[in-house]
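A short worksheet on the structure shown next.
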Amino acid sequence: MNVQETDWYSPLHYFDEEVANEHYREKRQRIYEDLLTNNDANEDAKTRFEYRREEAQRACTVRTTLMAAFLRYGELGSKTNWSFKSFFPLRTHDGKSADVLIGNESSGSIILAVILPIRGQPLQTVADGLEILANARENAGPLRDDIGVNFGDDRMNIAIVVDHGRGKATGEAIVELRSDNDDFNSFYVWRVVGPQGERFDLYTNFPSGDEHRHDPPLGDLLEEGIKVIDSPHSLPDFFYDVHHSQLLEHTVITMASNHFNTEIPTTHFSRKELRTYYQDTLYGPGSDNKAIQLVERIIERWVRMDIIKGVPSSDDKISDGSQAYRFISSKKNPVSIYDDVNQDYEKKSKEFLLWVRATRAVIDEYVEKVGKQSDFEEFSNG
Amino acid sequence: MEIFEIPRNQFDGVAEEVVRTEFADGADFNEYLSEHYSGLSDNDLYIVSGVTELSKGQFEDAIQDEGWETDSSYGAVVKVGKDYGEQRAEAYLFFNPENQLFYFYTDQRKTEEINGALIPLLKKLHKAHYLYISPRILRQVTEKIAEEWETAMVTEFIAKRTKGTKVDSEVTPDQERTINYYSNDGLFRLREMEEKYGVLPHILEISIPGELTFRMNKEGVFKLKSGSLDLLFDYIEECIGQTLEIKKAYDSTRVEFVEVSHDESVSQSIPARIELTYPLRYDEIGPLEKKLKSGDYALIDTITQRGSVYFASKVYDQKNNLFFNVRADEDAIRVFPEEERNISTFFRFFEIVQLSLDDGASAAPAIVEPIRQ
């Protein structure tokens with residue numbers, strides 16, 4: 001939930017701690033009410049919600065597709081010596097991290113797969129790939145230990161994973177940046193998830209005439225293209241960069257199913273239960289910490305959005321020593337609670353985005369008037 | 001009303017060959033009933049059948065957990081019962097360990113002990129499901145009987161046109177409909193109505209004069225009104241073929257832990273396939289979602305794609321309180337189990353796919369690549 005979460009977290013905390021007084025609260029409320037009736041603002045909020053959800057869903061599908069292809073019994077895992085090793089390698093170190101790491105113990109090679117966002121710029125993602133490669137080279141020792149592959153420094157490759165239709169632009173970006181750096185010779189372009197469902201192939205039609213092909217058998221298989229949908233899949237519910245609406249869907253039903261047919265109300269859950277679920281679900285280095293961060297942010301978001309509210313200790317039947325919450329729903333069975341809570345979630349999300357926008361507008365006015373009182377960034381890390 | 005009694009001892013009026021204390025297997029029991037049932041009971045005999053992933057011992061424990069006790073044992077067959085109001089619901093149970101199919105035999109009242117106690121048991125039993133017989137199979141069996149017996153009659157049927165049917169219809173093909181029919185010419189009318197109204201049978205009563213009269217439905221309940229139980233079982237065998245295919249597909253699914261690095265392993269889910277007879281269309285996904293939602297399922301984090309159709313979702317099955325994942329393209333729907341799986345969940349989902357998407361859909365094991373050595 002990285003980037004989009006700080007979009008709301010910083011301004012709301014900055015407002016609460018630095019700006020809030022009666023005048024600015026009323027001002028924010030007025031701006032918010034104006035935005036609610038403003039068609040352009042509503043359309044913008046709707047688009048942002050949909051784009052971000054789509055982006056997060058695609059990242060999740062691409063990662064699970066890559067994983068399925070390279071796991072045991074997968075199309076590539078079973079036919080080559082390449083296998084899935086890790087999500088987000090070196091995430092706990094400074095610098096950018098790849099999405100997926102594929103390793104080949106026989107040849108001592110790795111491929112760091114980096115996903116090009118649906119609306120991302122190929123030049124930026126290719127430049128990120130170079131940074132990821134440099135970071136992996138710098139931390140090669142710990143990375144070898146983490147994944148158990150003794151790869152050579154000259155056997156580290158980058159695959160930019162793109163949607164169909166973006167191979168050409170990505171190839172051009174690699175060629176453009178390659179002129180002053182030989183590292184780009186080890187860059188490849190993989191196309192995953194196109195109109196054929198979970199398909200996967202290699203883009204080779206680079207404008208320079210170079211083909212950036214892998215050695216066989218991986219190269220041959222990828223050039224031909226493989227279908228992953230029939231392979232066994234590992235099915236993580238979500239990754240750390242999940243969209244909050246996806247997270248709600250998974251969380252509501254999982255928490256409700258935990259207490260279905262027990263004495264604990266199905267709408268109730270505890271902070272500890274949520275943390276355990278997220279820790280069990282997230283993959284990659286530092287997942288425990290990521291789960292804790294996810295819990296903190298999502299609970300605050302959902303409380304602010306009136307999706308959940310705290311349960312007083314007198315009504316807490318979970319009693320695991322952590323704060324209990326409940327989904328705001330009068331329903332009892334998991335499917336009904338799920339339908340109830342999800343029903344207005346998109347609308348509430350759009351309203352929340354407008355509320356944040358109103359807050360930002362008031363902060364701008366405040367800063368202009370009295371000057372910046374503290375570093376806005378501090379609140380991103382709160 | 002008490003269930004028919006299989007005499008264990010010879011007493012006044014009971015012939016020696018009727019006395020039994022043990023049956024070797026289901027076939028032995030069926031043969032016995034074929035010969036002697038008319039002397040043991042004046043009532044219709046019901047056979048309520050199902051499929052499970054449990055072993056015989058586990059199954060007996062499971063029904064015991066639901067309050068059904070073993071009242072007496074006849075070798076491979078046991079008599080089980082549970083208090084039902086002032087009465088006792090009872091049935092003879094045969095569990096076939098070779099294919100994990102089970103059959104409850106009873107002559108008690110359909111509207112009382114059967115619908116009130118036995119059918120609810122099947123609905124409640126964990127890791128078990130009624131023996132689903134698809135409408136197409138019911139029709140096939142009917143035609144087979146008609147082919148084998150010149151005098152065979154369908155005397156009653158309930159036929160339906162459901163949302164996902166691929167059967168052509170001359171009249172308003174988009175209309176869902178139900179037709180109840182009672183008459184000795186039911187076979188001809190069933191064929192005629194299938195052609196004209198695009199319906200398939202869900203309940204049938206078939207009579208082969210002098211041989212067999214029985215009723216069957218798509219939920220694996222057979223009612224022997226008269227005649228040979230052996231013959232009835234021949235046709236039950238015809239019905240269970242598809243059930244066993246579905247079970248085989250389910251049995252091929254599993255979740256394995258795969259070590260991917262020193263300290264990390266991931267779970268890998270091996271799916272079953274539901275093969276479609278027609279390419280899945282984008283506009284068919286909505287009705288499937290609607291049907292699932294109305295059947296105590298929740299669809300989570302769903303992705304649908306136009307063009308070459310793609311559909312992926314995590315699914316929550318409230319009846320069994322567990323999750324699975326589906327991924328579909330034009331050709332098939334793949335069902336990926338999570339760590340906890342249940343045969344009933346798979347059968348329920350398969351039945352919904354047949355009812356709302358493609359009534360010719362079939363189940364098959366996953367296509368798994370062999371490991372490179």
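Residue numbers start at 1 in each chain; chains themselves are named A, B, ... in the order of the structure tokens; ligands are numbered from 1 in the order shown.
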request  = Pull out every residue of chain A sitting within 7 Å of chain B, counting only C-alpha atoms, and send them as a PyMOL selection string.
outcome  = chain A and resi 73-75+78-79+84-85+146-148+195-197+230-234+246+249-250+257+335
Using the selection just defined, write its residues with C-alpha atoms as an mmCIF file, in the first residue's frame.
data_model
loop_
_atom_site.group_PDB
_atom_site.id
_atom_site.type_symbol
_atom_site.label_atom_id
_atom_site.label_comp_id
_atom_site.auth_asym_id
_atom_site.auth_seq_id
_atom_site.Cartn_x
_atom_site.Cartn_y
_atom_site.Cartn_z
ATOM 1 C CA TYR A 73 5.453 -28.485 -12.102
ATOM 2 C CA GLY A 74 5.272 -25.043 -13.753
ATOM 3 C CA GLU A 75 5.743 -24.690 -17.504
ATOM 4 C CA SER A 78 9.667 -28.238 -14.976
ATOM 5 C CA LYS A 79 11.406 -27.825 -18.336
ATOM 6 C CA PHE A 84 11.301 -19.165 -8.582
ATOM 7 C CA LYS A 85 13.401 -18.042 -5.622
ATOM 8 C CA ASP A 146 19.075 -15.497 0.992
ATOM 9 C CA ILE A 147 18.211 -17.416 -2.150
ATOM 10 C CA GLY A 148 20.761 -20.223 -2.002
ATOM 11 C CA PRO A 195 -5.472 -10.926 -24.257
ATOM 12 C CA GLN A 196 -4.727 -14.649 -24.127
ATOM 13 C CA GLY A 197 -5.098 -14.828 -20.350
ATOM 14 C CA ASP A 230 -3.078 -24.671 -16.278
ATOM 15 C CA SER A 231 0.045 -24.765 -14.133
ATOM 16 C CA PRO A 232 -0.172 -25.249 -10.395
ATOM 17 C CA HIS A 233 -0.306 -21.844 -8.737
ATOM 18 C CA SER A 234 0.797 -20.437 -5.465
ATOM 19 C CA GLN A 246 -8.809 -5.581 -2.469
ATOM 20 C CA GLU A 249 -12.505 -7.954 0.341
ATOM 21 C CA HIS A 250 -9.948 -10.454 1.597
ATOM 22 C CA SER A 257 -15.025 -16.882 8.532
ATOM 23 C CA VAL A 335 -21.323 -13.562 2.951
#
12 Å contact set for Glu33 (chain A), only C-alpha atoms, chain neighbours under 2 positions out, as an MDAnalysis selection string = chainID A and resid 26:31 35:38 41:42 351:352 354:355 357:359
If DSSP is run on the backbone, what residues of region 22-247 of chain A are alpha helix (DSSP H)? A reply as an mmCIF file with N, CA and C atoms, in the first residue's frame would be ideal.
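After the write, selection_5.cif holds the following:
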data_model
loop_
_atom_site.group_PDB
_atom_site.id
_atom_site.type_symbol
_atom_site.label_atom_id
_atom_site.label_comp_id
_atom_site.auth_asym_id
_atom_site.auth_seq_id
_atom_site.Cartn_x
_atom_site.Cartn_y
_atom_site.Cartn_z
ATOM 1 N N GLU A 22 -10.728 25.537 14.761
ATOM 2 C CA GLU A 22 -12.121 25.625 14.318
ATOM 3 C C GLU A 22 -12.251 26.228 12.916
ATOM 4 N N HIS A 23 -11.450 27.287 12.695
ATOM 5 C CA HIS A 23 -11.514 27.970 11.403
ATOM 6 C C HIS A 23 -11.161 27.007 10.261
ATOM 7 N N TYR A 24 -10.035 26.303 10.412
ATOM 8 C CA TYR A 24 -9.592 25.426 9.320
ATOM 9 C C TYR A 24 -10.472 24.176 9.190
ATOM 10 N N ARG A 25 -11.027 23.747 10.317
ATOM 11 C CA ARG A 25 -11.948 22.589 10.235
ATOM 12 C C ARG A 25 -13.186 22.958 9.427
ATOM 13 N N GLU A 26 -13.720 24.141 9.752
ATOM 14 C CA GLU A 26 -14.912 24.582 9.003
ATOM 15 C C GLU A 26 -14.592 24.800 7.532
ATOM 16 N N LYS A 27 -13.407 25.337 7.318
ATOM 17 C CA LYS A 27 -12.977 25.603 5.944
ATOM 18 C C LYS A 27 -12.883 24.284 5.163
ATOM 19 N N ARG A 28 -12.268 23.301 5.807
ATOM 20 C CA ARG A 28 -12.136 21.990 5.156
ATOM 21 C C ARG A 28 -13.507 21.398 4.845
ATOM 22 N N GLN A 29 -14.413 21.520 5.810
ATOM 23 C CA GLN A 29 -15.752 20.975 5.600
ATOM 24 C C GLN A 29 -16.442 21.644 4.408
ATOM 25 N N ARG A 30 -16.281 22.954 4.283
ATOM 26 C CA ARG A 30 -16.905 23.686 3.161
ATOM 27 C C ARG A 30 -16.330 23.229 1.820
ATOM 28 N N ILE A 31 -14.985 23.126 1.798
ATOM 29 C CA ILE A 31 -14.336 22.699 0.543
ATOM 30 C C ILE A 31 -14.794 21.280 0.182
ATOM 31 N N TYR A 32 -14.844 20.444 1.194
ATOM 32 C CA TYR A 32 -15.254 19.047 0.964
ATOM 33 C C TYR A 32 -16.671 18.991 0.393
ATOM 34 N N GLU A 33 -17.578 19.760 0.977
ATOM 35 C CA GLU A 33 -18.965 19.747 0.494
ATOM 36 C C GLU A 33 -19.060 20.261 -0.943
ATOM 37 N N ASP A 34 -18.218 21.258 -1.258
ATOM 38 C CA ASP A 34 -18.186 21.745 -2.650
ATOM 39 C C ASP A 34 -17.689 20.646 -3.590
ATOM 40 N N LEU A 35 -16.656 19.952 -3.146
ATOM 41 C CA LEU A 35 -16.088 18.886 -3.991
ATOM 42 C C LEU A 35 -17.097 17.767 -4.238
ATOM 43 N N LEU A 36 -17.890 17.487 -3.201
ATOM 44 C CA LEU A 36 -18.891 16.410 -3.338
ATOM 45 C C LEU A 36 -19.876 16.688 -4.469
ATOM 46 N N ASN A 39 -18.686 17.639 -10.373
ATOM 47 C CA ASN A 39 -18.610 16.441 -11.221
ATOM 48 C C ASN A 39 -17.182 16.068 -11.584
ATOM 49 N N ASP A 40 -16.369 17.066 -11.913
ATOM 50 C CA ASP A 40 -14.987 16.781 -12.310
ATOM 51 C C ASP A 40 -14.211 16.146 -11.157
ATOM 52 N N ALA A 41 -14.411 16.694 -9.958
ATOM 53 C CA ALA A 41 -13.698 16.156 -8.792
ATOM 54 C C ALA A 41 -14.130 14.721 -8.515
ATOM 55 N N ASN A 42 -15.416 14.459 -8.658
ATOM 56 C CA ASN A 42 -15.928 13.095 -8.438
ATOM 57 C C ASN A 42 -15.386 12.136 -9.486
ATOM 58 N N GLU A 43 -15.362 12.605 -10.723
ATOM 59 C CA GLU A 43 -14.856 11.752 -11.812
ATOM 60 C C GLU A 43 -13.374 11.446 -11.600
ATOM 61 N N ASP A 44 -12.638 12.463 -11.169
ATOM 62 C CA ASP A 44 -11.209 12.291 -10.916
ATOM 63 C C ASP A 44 -10.983 11.258 -9.802
ATOM 64 N N ALA A 45 -11.772 11.367 -8.729
ATOM 65 C CA ALA A 45 -11.630 10.429 -7.605
ATOM 66 C C ALA A 45 -11.979 9.012 -8.055
ATOM 67 N N LYS A 46 -13.009 8.901 -8.863
ATOM 68 C CA LYS A 46 -13.433 7.579 -9.364
ATOM 69 C C LYS A 46 -12.313 6.963 -10.204
ATOM 70 N N THR A 47 -11.743 7.783 -11.087
ATOM 71 C CA THR A 47 -10.684 7.283 -11.960
ATOM 72 C C THR A 47 -9.472 6.842 -11.150
ATOM 73 N N ARG A 48 -9.108 7.650 -10.175
ATOM 74 C CA ARG A 48 -7.943 7.292 -9.347
ATOM 75 C C ARG A 48 -8.185 5.974 -8.627
ATOM 76 N N PHE A 49 -9.390 5.808 -8.083
ATOM 77 C CA PHE A 49 -9.725 4.561 -7.389
ATOM 78 C C PHE A 49 -9.589 3.375 -8.342
ATOM 79 N N GLU A 50 -10.185 3.500 -9.514
ATOM 80 C CA GLU A 50 -10.196 2.377 -10.463
ATOM 81 C C GLU A 50 -8.795 2.064 -10.988
ATOM 82 N N TYR A 51 -8.045 3.118 -11.337
ATOM 83 C CA TYR A 51 -6.692 2.898 -11.872
ATOM 84 C C TYR A 51 -5.798 2.210 -10.846
ATOM 85 N N ARG A 52 -5.877 2.671 -9.617
ATOM 86 C CA ARG A 52 -4.993 2.111 -8.597
ATOM 87 C C ARG A 52 -5.354 0.665 -8.282
ATOM 88 N N ARG A 53 -6.630 0.386 -8.275
ATOM 89 C CA ARG A 53 -7.037 -1.003 -8.035
ATOM 90 C C ARG A 53 -6.570 -1.880 -9.190
ATOM 91 N N GLU A 54 -6.768 -1.382 -10.389
ATOM 92 C CA GLU A 54 -6.369 -2.146 -11.570
ATOM 93 C C GLU A 54 -4.862 -2.403 -11.561
ATOM 94 N N GLU A 55 -4.103 -1.385 -11.211
ATOM 95 C CA GLU A 55 -2.639 -1.504 -11.165
ATOM 96 C C GLU A 55 -2.217 -2.566 -10.143
ATOM 97 N N ALA A 56 -2.834 -2.517 -8.965
ATOM 98 C CA ALA A 56 -2.473 -3.467 -7.910
ATOM 99 C C ALA A 56 -2.875 -4.885 -8.288
ATOM 100 N N GLN A 57 -4.048 -5.024 -8.903
ATOM 101 C CA GLN A 57 -4.501 -6.362 -9.306
ATOM 102 C C GLN A 57 -3.575 -6.939 -10.372
ATOM 103 N N ARG A 58 -3.161 -6.076 -11.303
ATOM 104 C CA ARG A 58 -2.298 -6.583 -12.364
ATOM 105 C C ARG A 58 -0.941 -7.008 -11.789
ATOM 106 N N ALA A 59 -0.388 -6.197 -10.887
ATOM 107 C CA ALA A 59 0.903 -6.548 -10.289
ATOM 108 C C ALA A 59 0.798 -7.903 -9.597
ATOM 109 N N CYS A 60 -0.317 -8.119 -8.914
ATOM 110 C CA CYS A 60 -0.529 -9.388 -8.204
ATOM 111 C C CYS A 60 -0.612 -10.547 -9.200
ATOM 112 N N THR A 61 -1.366 -10.347 -10.282
ATOM 113 C CA THR A 61 -1.509 -11.421 -11.276
ATOM 114 C C THR A 61 -0.174 -11.722 -11.955
ATOM 115 N N VAL A 62 0.570 -10.680 -12.287
ATOM 116 C CA VAL A 62 1.852 -10.900 -12.960
ATOM 117 C C VAL A 62 2.799 -11.666 -12.039
ATOM 118 N N ARG A 63 2.844 -11.264 -10.775
ATOM 119 C CA ARG A 63 3.751 -11.959 -9.849
ATOM 120 C C ARG A 63 3.362 -13.428 -9.695
ATOM 121 N N THR A 64 2.062 -13.691 -9.523
ATOM 122 C CA THR A 64 1.660 -15.096 -9.346
ATOM 123 C C THR A 64 1.848 -15.883 -10.649
ATOM 124 N N THR A 65 1.722 -15.193 -11.791
ATOM 125 C CA THR A 65 1.947 -15.869 -13.071
ATOM 126 C C THR A 65 3.423 -16.266 -13.209
ATOM 127 N N LEU A 66 4.311 -15.328 -12.878
ATOM 128 C CA LEU A 66 5.749 -15.632 -12.941
ATOM 129 C C LEU A 66 6.084 -16.769 -11.988
ATOM 130 N N MET A 67 5.521 -16.667 -10.796
ATOM 131 C CA MET A 67 5.793 -17.693 -9.785
ATOM 132 C C MET A 67 5.303 -19.058 -10.271
ATOM 133 N N ALA A 68 4.082 -19.082 -10.821
ATOM 134 C CA ALA A 68 3.511 -20.352 -11.299
ATOM 135 C C ALA A 68 4.368 -20.939 -12.419
ATOM 136 N N ALA A 69 4.857 -20.072 -13.301
ATOM 137 C CA ALA A 69 5.651 -20.567 -14.427
ATOM 138 C C ALA A 69 6.939 -21.207 -13.959
ATOM 139 N N PHE A 70 7.542 -20.652 -12.912
ATOM 140 C CA PHE A 70 8.876 -21.106 -12.510
ATOM 141 C C PHE A 70 8.875 -22.014 -11.287
ATOM 142 N N PRO A 122 8.164 3.341 -19.667
ATOM 143 C CA PRO A 122 9.234 2.350 -19.824
ATOM 144 C C PRO A 122 10.614 2.895 -19.468
ATOM 145 N N LEU A 123 10.878 4.141 -19.851
ATOM 146 C CA LEU A 123 12.211 4.705 -19.546
ATOM 147 C C LEU A 123 12.481 4.687 -18.045
ATOM 148 N N GLN A 124 11.466 5.037 -17.261
ATOM 149 C CA GLN A 124 11.624 5.077 -15.810
ATOM 150 C C GLN A 124 11.851 3.668 -15.258
ATOM 151 N N THR A 125 11.041 2.708 -15.724
ATOM 152 C CA THR A 125 11.166 1.342 -15.194
ATOM 153 C C THR A 125 12.496 0.721 -15.618
ATOM 154 N N VAL A 126 12.936 1.014 -16.834
ATOM 155 C CA VAL A 126 14.232 0.495 -17.278
ATOM 156 C C VAL A 126 15.344 1.117 -16.425
ATOM 157 N N ALA A 127 15.240 2.404 -16.146
ATOM 158 C CA ALA A 127 16.231 3.052 -15.274
ATOM 159 C C ALA A 127 16.187 2.442 -13.872
ATOM 160 N N ASP A 128 14.967 2.135 -13.393
ATOM 161 C CA ASP A 128 14.831 1.453 -12.093
ATOM 162 C C ASP A 128 15.541 0.100 -12.135
ATOM 163 N N GLY A 129 15.406 -0.580 -13.271
ATOM 164 C CA GLY A 129 16.044 -1.893 -13.442
ATOM 165 C C GLY A 129 17.545 -1.789 -13.275
ATOM 166 N N LEU A 130 18.113 -0.726 -13.819
ATOM 167 C CA LEU A 130 19.563 -0.534 -13.701
ATOM 168 C C LEU A 130 19.961 -0.322 -12.242
ATOM 169 N N GLU A 131 19.138 0.451 -11.534
ATOM 170 C CA GLU A 131 19.397 0.712 -10.110
ATOM 171 C C GLU A 131 19.275 -0.595 -9.304
ATOM 172 N N ILE A 132 18.271 -1.396 -9.663
ATOM 173 C CA ILE A 132 18.061 -2.682 -8.969
ATOM 174 C C ILE A 132 19.249 -3.614 -9.217
ATOM 175 N N LEU A 133 19.742 -3.599 -10.446
ATOM 176 C CA LEU A 133 20.893 -4.438 -10.788
ATOM 177 C C LEU A 133 22.118 -4.004 -9.972
ATOM 178 N N ALA A 134 22.328 -2.680 -9.889
ATOM 179 C CA ALA A 134 23.477 -2.160 -9.139
ATOM 180 C C ALA A 134 23.345 -2.522 -7.657
ATOM 181 N N ASN A 135 22.135 -2.426 -7.147
ATOM 182 C CA ASN A 135 21.867 -2.739 -5.743
ATOM 183 C C ASN A 135 22.131 -4.227 -5.461
ATOM 184 N N ALA A 136 21.697 -5.061 -6.400
ATOM 185 C CA ALA A 136 21.902 -6.504 -6.233
ATOM 186 C C ALA A 136 23.398 -6.832 -6.307
ATOM 187 N N ARG A 137 24.102 -6.127 -7.172
ATOM 188 C CA ARG A 137 25.541 -6.371 -7.309
ATOM 189 C C ARG A 137 26.253 -5.969 -6.017
ATOM 190 N N GLU A 138 25.823 -4.845 -5.473
ATOM 191 C CA GLU A 138 26.433 -4.340 -4.246
ATOM 192 C C GLU A 138 26.177 -5.281 -3.063
ATOM 193 N N ALA A 140 25.481 -8.615 -3.319
ATOM 194 C CA ALA A 140 25.446 -9.967 -3.890
ATOM 195 C C ALA A 140 25.642 -11.049 -2.822
ATOM 196 N N GLY A 141 26.523 -10.771 -1.846
ATOM 197 C CA GLY A 141 26.801 -11.768 -0.804
ATOM 198 C C GLY A 141 25.540 -12.154 -0.040
ATOM 199 N N PRO A 142 24.880 -11.168 0.607
ATOM 200 C CA PRO A 142 23.648 -11.509 1.336
ATOM 201 C C PRO A 142 22.570 -12.099 0.430
ATOM 202 N N LEU A 143 22.525 -11.622 -0.814
ATOM 203 C CA LEU A 143 21.495 -12.140 -1.719
ATOM 204 C C LEU A 143 21.749 -13.619 -2.028
ATOM 205 N N ARG A 144 23.029 -13.971 -2.247
ATOM 206 C CA ARG A 144 23.352 -15.393 -2.486
ATOM 207 C C ARG A 144 22.900 -16.239 -1.290
ATOM 208 N N ASP A 145 23.157 -15.720 -0.088
ATOM 209 C CA ASP A 145 22.749 -16.466 1.115
ATOM 210 C C ASP A 145 21.232 -16.588 1.194
ATOM 211 N N ASP A 146 20.542 -15.497 0.878
ATOM 212 C CA ASP A 146 19.075 -15.497 0.992
ATOM 213 C C ASP A 146 18.437 -16.525 0.070
ATOM 214 N N ILE A 147 18.918 -16.584 -1.162
ATOM 215 C CA ILE A 147 18.211 -17.416 -2.150
ATOM 216 C C ILE A 147 18.878 -18.765 -2.389
ATOM 217 N N GLY A 167 5.912 -3.931 -25.473
ATOM 218 C CA GLY A 167 7.238 -4.502 -25.719
ATOM 219 C C GLY A 167 8.108 -3.546 -26.520
ATOM 220 N N LYS A 168 7.539 -2.964 -27.566
ATOM 221 C CA LYS A 168 8.307 -2.101 -28.469
ATOM 222 C C LYS A 168 8.852 -0.880 -27.706
ATOM 223 N N ALA A 169 7.966 -0.211 -26.969
ATOM 224 C CA ALA A 169 8.384 0.993 -26.231
ATOM 225 C C ALA A 169 9.454 0.647 -25.198
ATOM 226 N N THR A 170 9.337 -0.513 -24.579
ATOM 227 C CA THR A 170 10.325 -0.906 -23.565
ATOM 228 C C THR A 170 11.655 -1.255 -24.238
ATOM 229 N N GLY A 171 11.575 -1.939 -25.385
ATOM 230 C CA GLY A 171 12.794 -2.245 -26.145
ATOM 231 C C GLY A 171 13.496 -0.948 -26.541
ATOM 232 N N GLU A 172 12.719 0.020 -26.974
ATOM 233 C CA GLU A 172 13.298 1.315 -27.373
ATOM 234 C C GLU A 172 13.948 2.008 -26.169
ATOM 235 N N ALA A 173 13.308 1.880 -25.015
ATOM 236 C CA ALA A 173 13.860 2.513 -23.804
ATOM 237 C C ALA A 173 15.197 1.872 -23.439
ATOM 238 N N ILE A 174 15.278 0.567 -23.577
ATOM 239 C CA ILE A 174 16.537 -0.126 -23.254
ATOM 240 C C ILE A 174 17.631 0.327 -24.227
ATOM 241 N N VAL A 175 17.282 0.367 -25.495
ATOM 242 C CA VAL A 175 18.262 0.761 -26.509
ATOM 243 C C VAL A 175 18.705 2.214 -26.272
ATOM 244 N N GLU A 176 17.769 3.055 -25.917
ATOM 245 C CA GLU A 176 18.086 4.471 -25.686
ATOM 246 C C GLU A 176 19.068 4.637 -24.524
ATOM 247 N N LEU A 177 18.848 3.885 -23.451
ATOM 248 C CA LEU A 177 19.708 4.036 -22.270
ATOM 249 C C LEU A 177 21.001 3.235 -22.393
ATOM 250 N N ARG A 178 21.002 2.273 -23.333
ATOM 251 C CA ARG A 178 22.133 1.354 -23.417
ATOM 252 C C ARG A 178 23.395 2.024 -23.942
ATOM 253 N N LEU A 218 15.428 -22.022 -21.931
ATOM 254 C CA LEU A 218 14.519 -20.948 -21.526
ATOM 255 C C LEU A 218 14.189 -20.033 -22.709
ATOM 256 N N GLY A 219 15.250 -19.694 -23.479
ATOM 257 C CA GLY A 219 15.044 -18.791 -24.612
ATOM 258 C C GLY A 219 14.048 -19.351 -25.609
ATOM 259 N N ASP A 220 14.226 -20.636 -25.947
ATOM 260 C CA ASP A 220 13.333 -21.254 -26.941
ATOM 261 C C ASP A 220 11.883 -21.271 -26.447
ATOM 262 N N LEU A 221 11.742 -21.663 -25.193
ATOM 263 C CA LEU A 221 10.379 -21.764 -24.642
ATOM 264 C C LEU A 221 9.706 -20.395 -24.589
ATOM 265 N N LEU A 222 10.467 -19.394 -24.173
ATOM 266 C CA LEU A 222 9.871 -18.060 -24.052
ATOM 267 C C LEU A 222 9.585 -17.439 -25.413
ATOM 268 N N GLU A 223 10.445 -17.731 -26.375
ATOM 269 C CA GLU A 223 10.187 -17.175 -27.709
ATOM 270 C C GLU A 223 8.902 -17.753 -28.288
ATOM 271 N N GLU A 224 8.714 -19.040 -28.032
ATOM 272 C CA GLU A 224 7.494 -19.686 -28.517
ATOM 273 C C GLU A 224 6.279 -19.183 -27.727
ATOM 274 N N HIS A 244 -6.370 -0.895 -1.173
ATOM 275 C CA HIS A 244 -7.148 -1.058 0.072
ATOM 276 C C HIS A 244 -8.497 -1.727 -0.176
ATOM 277 N N SER A 245 -9.076 -1.559 -1.387
ATOM 278 C CA SER A 245 -10.375 -2.192 -1.647
ATOM 279 C C SER A 245 -10.211 -3.708 -1.799
ATOM 280 N N GLN A 246 -9.092 -4.135 -2.394
ATOM 281 C CA GLN A 246 -8.809 -5.581 -2.469
ATOM 282 C C GLN A 246 -8.602 -6.120 -1.057
ATOM 283 N N LEU A 247 -7.835 -5.347 -0.289
ATOM 284 C CA LEU A 247 -7.523 -5.805 1.068
ATOM 285 C C LEU A 247 -8.803 -5.948 1.887
#
Neighbour list for Val221 (chain B) as a list in words, cut-off 10 Å, only C-alpha atoms, skip fewer than 4 positions in-chain = Tyr46, Ile47, Val48, Ser49, Gly50, Tyr103, Phe104, Ile119, Tyr130, Leu131, Tyr132, Ile133, Ile203, Arg215, Met216 and Asn217 of chain B
key: Residue list (strand (DSSP E or B), DSSP) for region 60-265 of chain A, as a PyMOL selection string   = chain A and resi 82-87+100-104+109-115+156-162+187-194+197-203+226-227+233
key: Non-local contacts of region 83-88 of chain B (9 Å; only C-alpha atoms; under 2 positions in same chain excluded) as a ChimeraX atom specification   = /B:1-3,67-68,81,90,112-113,116-117
ask   = Nearest to Val162 (chain A) among A:His259, A:Lys290, A:Arg199, A:Arg304, with distances taken over only C-alpha atoms: which residue is it?
value =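 Closest to Val162 (chain A) of all the choices is A:Arg199.
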Near-Tyr235 (chain B) list (10 Å; only C-alpha atoms; drop same-chain fewer than 2 positions) as a list of chain:residue names =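 In the requested form, the answer reads B:Leu138, B:Val141, B:Thr142, B:Lys144, B:Ile145, B:Leu229, B:Asp230, B:Leu231, B:Leu232, B:Phe233, B:Glu237, B:Glu238, B:Cys239, B:Ile240.
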query = Skipping near chain neighbours, those fewer than 6 positions away, what residues fall within 10 Å of region 314-316 of chain A using only C-alpha atoms, listed as a ChimeraX atom specification?
reply = /A:264-265,268-270,322-326
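You will find CA of Lys56 (chain B) at 7.8 Å from CA of Asn96 (chain B).
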task = Rank nothing, just name the residue among A:Gly286, A:Ile298, A:Gln293, A:Phe88 nearest to Leu248 (chain A), using only C-alpha atoms.
result =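 Distance minimum relative to Leu248 (chain A) lands on A:Ile298.
With only C-alpha atoms as the atoms that count, the residue of A:Val242, A:Ile328, A:Val19, A:Val149 with the shortest distance to Leu294 (chain A) is A:Val242.
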